Amino acid sequence: MDNYAPFKAEAGEPLFTLEVAAGEAPELTGLELVIDQGADVLSLWRLEGVHGWLVKMAQSPGRPMSGFLTLSADFKASKLYVLRPQEAEFALNNSLMLQYAFATATLGTLEMHASTVVNNGKAYLFLAKSGTGKSTHSKMWLKAIPGTHLMNDDNPVVRTFADGRVIAYGSPWSGKTPCYKNESFPVGAFVRIVRAPENHLEKMSVVEAYASVYSSCSGFKADRAMGDGLHSAISAAVQGAPSFAMHCLPDEDAARVCFDGIAGEGARS
């Protein structure tokens, strides 16, 4: 799995452990559904009586389950049962990504659903629902804005620090675009992409920014500790970096309008 190679580091105290289990998944009863992303793609269940959790995952709606992930009550230890060997890489990537989000939620860290480009030493995160045009807007920046490169196309990590810094990091997870860069840059802006008949950039209020970033963060927000951790990190992130709504077409002019508004007076106001 070459996507992890750039992030290899010296061994230290682990945030969490994951075991890939051999054999069939155990029979599980007394399950209580907690989160369902719909169409059997991803769901989180509470395991009755054993104080743990279960995640079911499939590659796409209507497909058989790729794997079951059982987690300890504190989310620190897990076991992955691969149900379809041909989808083992998918199951392992999703398990690691999900458990990383759980394990770091109390550490000032946000695992984002965003496409991220870098220009002039700053990272710009484009947020939106899947299919809205995050990746397309990144591609327009790459074409229209000199000196721009792609850092991650789906799941960058943002970390906030006590001194006010808000830093974006590459990750081993980048959706359908293979872009696995072990690099980090200060966040220049969070930008929500909104489809529109013309290109127009608007700066968000802090409350609007909080709602925008909140909806693009992974994590089990119903868990008290995780929810509090995410709230603190999101609050710090939107106070430490500006947020915008980019109403746009999927064209290069949209990239220029966005860049000019963010890198000009708009980002400093």
# chains A, B, ... in the order shown; residues from 1 in each chain; ligands from 1

$ closest_atom_pairs --of "stretch 31-79 of chain A" --to "stretch 1-15 of chain A" --cutoff "10 Å" --atoms "only C-alpha atoms" --output "Markdown table"
| residue | atom | partner | partner_atom | distance |
| --- | --- | --- | --- | --- |
| A:Phe75 | CA | A:Leu15 | CA | 10.0 |
| A:Lys76 | CA | A:Leu15 | CA | 7.1 |
| A:Ala77 | CA | A:Leu15 | CA | 9.3 |

$ write_last_selection --atoms "N, CA, C and O atoms" --output "mmCIF file, in the first residue's frame"
data_model
loop_
_atom_site.group_PDB
_atom_site.id
_atom_site.type_symbol
_atom_site.label_atom_id
_atom_site.label_comp_id
_atom_site.auth_asym_id
_atom_site.auth_seq_id
_atom_site.Cartn_x
_atom_site.Cartn_y
_atom_site.Cartn_z
ATOM 1 N N PHE A 75 -12.360 3.264 21.468
ATOM 2 C CA PHE A 75 -11.949 3.395 20.066
ATOM 3 C C PHE A 75 -10.447 3.222 19.859
ATOM 4 O O PHE A 75 -9.940 3.485 18.771
ATOM 5 N N LYS A 76 -9.701 2.779 20.860
ATOM 6 C CA LYS A 76 -8.245 2.704 20.750
ATOM 7 C C LYS A 76 -7.739 1.378 20.171
ATOM 8 O O LYS A 76 -6.607 1.302 19.701
ATOM 9 N N ALA A 77 -8.542 0.328 20.223
ATOM 10 C CA ALA A 77 -8.144 -0.971 19.688
ATOM 11 C C ALA A 77 -9.247 -1.491 18.776
ATOM 12 O O ALA A 77 -10.431 -1.364 19.082
#

$ residues_around --residues "A:Ala233" --least-positions-apart "4" --cutoff "12 Å" --atoms "only C-alpha atoms" --output "JSON, numbers by chain"
{"A": [104, 105, 106, 107, 108, 109, 110, 111, 112, 157, 158, 159, 160, 161, 162, 164, 165, 166, 167, 210, 213, 214, 217, 226, 227, 228, 229, 237, 238, 239, 240]}

$ closest_residue --among "A:Phe90, A:Phe259, A:Trp173, A:Tyr124" --to "A:Ser243" --atoms "only C-alpha atoms"
A:Tyr124

$ residues_around --residues "A:Ala254" --least-positions-apart "6" --cutoff "10 Å" --atoms "only C-alpha atoms" --output "list in words"
His137, Met140, Trp141, Ala144, Glu198, Asn199, His200, Leu201, Met246, His247, Cys248 and Asp260 of chain A

$ closest_residue --among "A:Ala241, A:Ile234, A:Ala222, A:Ala128" --to "A:Ile193" --atoms "only C-alpha atoms"
A:Ala128
